[in-house]
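The structure appears right after this line, and notes come after that.
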Amino acid sequence: MMVSVVVPFYNEEALINDFVERVYTAVKDIGKAVEFVAVDDGSSDNTLALLLTAREKYNSLKIVSLSRNFGLQAALQAGIEHCNGEYIVLLDGDLQDPPELIPDIYKKITESAADLVVGRRKSRKEKWPKRQLIRWFHNLIEPRYSDSGKIDTGNFCILKRIVAVAICNSGEKQRYFPGLRSYVGFKVDYLDYHREERAGGSPKMTYRKLFSLAGDALFIYSKWPIRVCFFMGIIGLLTLLLAIIYTILSKLLGFAPLGWSSTFLSIYFFGALQLFFLGVVGEYVFRVYKEVQNRPLYVIREIFPQKEEKS
């Protein structure tokens, strides 16, 4: 019943040594064989070199090096597909989800009937604008969690092998891991914790990347974009109907407005509405195009397996 700890890293040279030490210190109390799978997501700094150095000290450290930066979602998939544990712990590589929680989340899943246990953030220490944007995003995306209401979850979780297989078998290329984790179902439980500040280095999830990820989640796992278009279309038709009635009455009663302002306003209104609809449809078409390309989610440059125990 091996436990695999899967962590993607991208340009995290400032955190590698501390991260590896804290993981191996934390898993001493599990009482099971532990495999640490580190995914180097095409780092351009010394992340890979530091991981290889740590591998000399820790025999159970396995490194999957990708050919370039494919993004967090692809790196998570690579780690899951190349680990061997019956239980799989997923952590981000910035130490905001403390490795010291690994024994707690492992104990939670072994003592409950859950197939996966998800870390639920009770507080977080990002700056206010980022916290507010994340809150709005979760309020929009997560109504599917009907048993728990609005919750704030990320990648931190522990999965049984059966759940990991179901997620890996999903054929889609545009991925949002928490959405996939919810989609496959299974019995879920939660571990409440406080999300820490980044321990060092610069955040890799910039606002641009966060908005891109939010867009993928919104267009893939939510009906809201197309629903908004539908309701705006109905509102536009009702507005047009009222405008026609008003125009006819004004002509018959002799108080038709002078000038072309009303005409121009209506043209601009419906033109903007059509452009908005085209933009939404374009987002869906783009994602369909990315899916039918059927390109691999990631490309592996090299795998550094666990070192054999010295006799």
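Numbering starts fresh at 1 for the residues of each chain in the structure tokens, the chains themselves are lettered A, B, ... in the order given, and ligands are numbered from 1 as they appear.
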
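Residues within 10 Å of segment 104-113 of chain A, counting only C-alpha atoms and excluding same-chain residues fewer than 4 positions away, are Val3, Ala26, Val27, Asp29, Ile30, Tyr87, Ile88, Val89, Pro99, Glu100, Val117, Val118, Gly119, Phe156, Cys157, Ile158, Leu159, Lys160, Lys187, Val188, Asp189, Tyr190, Leu191 and Asp192 of chain A.
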
Requested write-out: N, CA and C atoms of the selected residues, as a short mmCIF file (atom, residue, chain, number, x, y, z; two decimals), in the first residue's frame:
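Saved result, result.cif, follows:
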```cif
data_model
loop_
_atom_site.label_atom_id
_atom_site.label_comp_id
_atom_site.auth_asym_id
_atom_site.auth_seq_id
_atom_site.Cartn_x
_atom_site.Cartn_y
_atom_site.Cartn_z
N VAL A 3 2.41 4.90 -0.66
CA VAL A 3 1.88 6.25 -0.76
C VAL A 3 2.79 7.05 -1.68
N ALA A 26 7.93 14.82 7.10
CA ALA A 26 6.51 14.62 7.37
C ALA A 26 6.08 13.17 7.19
N VAL A 27 6.62 12.49 6.17
CA VAL A 27 6.12 11.14 5.85
C VAL A 27 6.72 10.06 6.74
N ASP A 29 6.11 9.56 9.75
CA ASP A 29 5.09 9.08 10.67
C ASP A 29 3.98 8.29 9.99
N ILE A 30 4.03 8.14 8.66
CA ILE A 30 2.95 7.44 7.96
C ILE A 30 3.00 5.94 8.22
N TYR A 87 -2.23 5.11 -2.76
CA TYR A 87 -2.73 6.42 -2.36
C TYR A 87 -1.81 7.47 -2.96
N ILE A 88 -2.40 8.53 -3.52
CA ILE A 88 -1.62 9.55 -4.22
C ILE A 88 -1.93 10.91 -3.61
N VAL A 89 -0.89 11.55 -3.06
CA VAL A 89 -1.03 12.89 -2.49
C VAL A 89 -0.54 13.90 -3.52
N PRO A 99 3.60 20.54 3.59
CA PRO A 99 3.83 19.08 3.54
C PRO A 99 3.53 18.40 4.87
N GLU A 100 3.58 19.16 5.96
CA GLU A 100 3.29 18.59 7.28
C GLU A 100 1.87 18.06 7.40
N VAL A 117 -9.79 12.63 -0.36
CA VAL A 117 -9.92 13.69 0.64
C VAL A 117 -9.28 14.94 0.07
N VAL A 118 -10.03 16.03 0.07
CA VAL A 118 -9.60 17.28 -0.55
C VAL A 118 -9.29 18.30 0.53
N GLY A 119 -8.18 19.01 0.37
CA GLY A 119 -7.85 20.09 1.30
C GLY A 119 -8.75 21.29 1.07
N PHE A 156 -4.45 20.41 -3.73
CA PHE A 156 -4.04 19.61 -2.58
C PHE A 156 -5.12 18.59 -2.21
N CYS A 157 -4.76 17.31 -2.30
CA CYS A 157 -5.71 16.25 -2.00
C CYS A 157 -4.96 14.92 -1.91
N ILE A 158 -5.68 13.89 -1.51
CA ILE A 158 -5.17 12.53 -1.58
C ILE A 158 -6.22 11.68 -2.28
N LEU A 159 -5.78 10.87 -3.23
CA LEU A 159 -6.67 10.06 -4.06
C LEU A 159 -6.34 8.58 -3.89
N LYS A 160 -7.36 7.76 -3.94
CA LYS A 160 -7.12 6.34 -4.11
C LYS A 160 -6.80 6.08 -5.59
N LYS A 187 -16.70 8.94 -3.42
CA LYS A 187 -16.99 9.51 -2.11
C LYS A 187 -15.86 10.46 -1.71
N VAL A 188 -16.25 11.66 -1.30
CA VAL A 188 -15.25 12.69 -1.00
C VAL A 188 -15.41 13.18 0.43
N ASP A 189 -14.30 13.48 1.06
CA ASP A 189 -14.28 14.10 2.38
C ASP A 189 -13.31 15.28 2.31
N TYR A 190 -13.28 16.10 3.35
CA TYR A 190 -12.48 17.32 3.31
C TYR A 190 -11.60 17.42 4.55
N LEU A 191 -10.43 18.00 4.37
CA LEU A 191 -9.52 18.33 5.46
C LEU A 191 -9.35 19.84 5.48
N ASP A 192 -9.80 20.47 6.55
CA ASP A 192 -9.70 21.92 6.66
C ASP A 192 -8.28 22.31 7.09
#
```

**Prompt:** Residues at most 10 Å from Arg301 of chain A, counting only C-alpha atoms, excluding those fewer than 4 positions away in the same chain, as a list of chain:residue names?
**Reply:** A:Asp40, A:Gly42, A:Val64, A:Ser65, A:Leu66, A:Ser67, A:Arg68

Store the residues of this selection in a file with C-alpha atoms, as a PDB file, in the first residue's frame.
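After the write, selection-v7.pdb holds the following:
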```pdb
ATOM      1  CA  ASP A  40      10.124  19.276 -13.454  1.00  0.00           C
ATOM      2  CA  GLY A  42      10.535  22.503 -18.116  1.00  0.00           C
ATOM      3  CA  VAL A  64       9.966  13.193 -14.310  1.00  0.00           C
ATOM      4  CA  SER A  65      11.529  15.893 -16.478  1.00  0.00           C
ATOM      5  CA  LEU A  66       9.299  17.389 -19.195  1.00  0.00           C
ATOM      6  CA  SER A  67      10.723  18.702 -22.457  1.00  0.00           C
ATOM      7  CA  ARG A  68       9.318  22.208 -21.881  1.00  0.00           C
TER       8      ARG A  68
END
```

**Message:** Please compute the atom CA of Ala38 of chain A-atom CA of Glu291 of chain A distance, one decimal, in Å.
**Reply:** 27.2 Å

Report as a compact mmCIF listing (two decimals) with C-alpha atoms, in the first residue's frame: the residues of segment 33-88 of chain A with a DSSP assignment of strand (DSSP E), based on the backbone of this structure.
```txt
# COMPACT_ATOMS: atom_id res chain seq x y z
CA VAL A 34 6.53 6.44 0.40
CA GLU A 35 7.43 7.41 -3.15
CA PHE A 36 8.14 11.07 -3.95
CA VAL A 37 7.47 11.91 -7.62
CA ALA A 38 8.79 15.36 -8.56
CA VAL A 39 7.77 16.67 -11.99
CA ASP A 40 10.12 19.28 -13.45
CA LEU A 61 12.76 10.35 -5.05
CA LYS A 62 11.68 9.87 -8.66
CA ILE A 63 12.01 12.74 -11.15
CA VAL A 64 9.97 13.19 -14.31
CA SER A 65 11.53 15.89 -16.48
CA LEU A 66 9.30 17.39 -19.20
CA TYR A 87 -2.73 6.42 -2.36
CA ILE A 88 -1.62 9.55 -4.22
```

**Message:** Using only C-alpha atoms for the distances, tell me which of A:Tyr298, A:Phe286, A:Phe19, A:Phe276 is nearest to Asp41 of chain A.
**Reply:**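 Looking only at the distances to Asp41 of chain A, the closest residue turns out to be A:Tyr298.
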
**Atomic separation - atom CA of Phe186 of chain A relative to atom CA of Asp115 of chain A, Å** = 6.0 Å

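Computed from the coordinates, the atom CA of Tyr176 of chain A to atom CA of Thr153 of chain A distance equals 12.2 Å.
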
**Message:** Considering only C-alpha atoms, can you say which of A:Pro296, A:Gly85, A:Gly236, A:Pro305 comes closest to Gly271 of chain A?
**Reply:**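 Of A:Pro296, A:Gly85, A:Gly236, A:Pro305, the one nearest Gly271 of chain A is A:Gly236, counting only C-alpha atoms.
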
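Of the residues under consideration (A:Leu51, A:Ile234, A:Cys83, A:Val23), A:Ile234 shows the shortest atom-to-atom contact distance to Leu273 of chain A when counting only C-alpha atoms.
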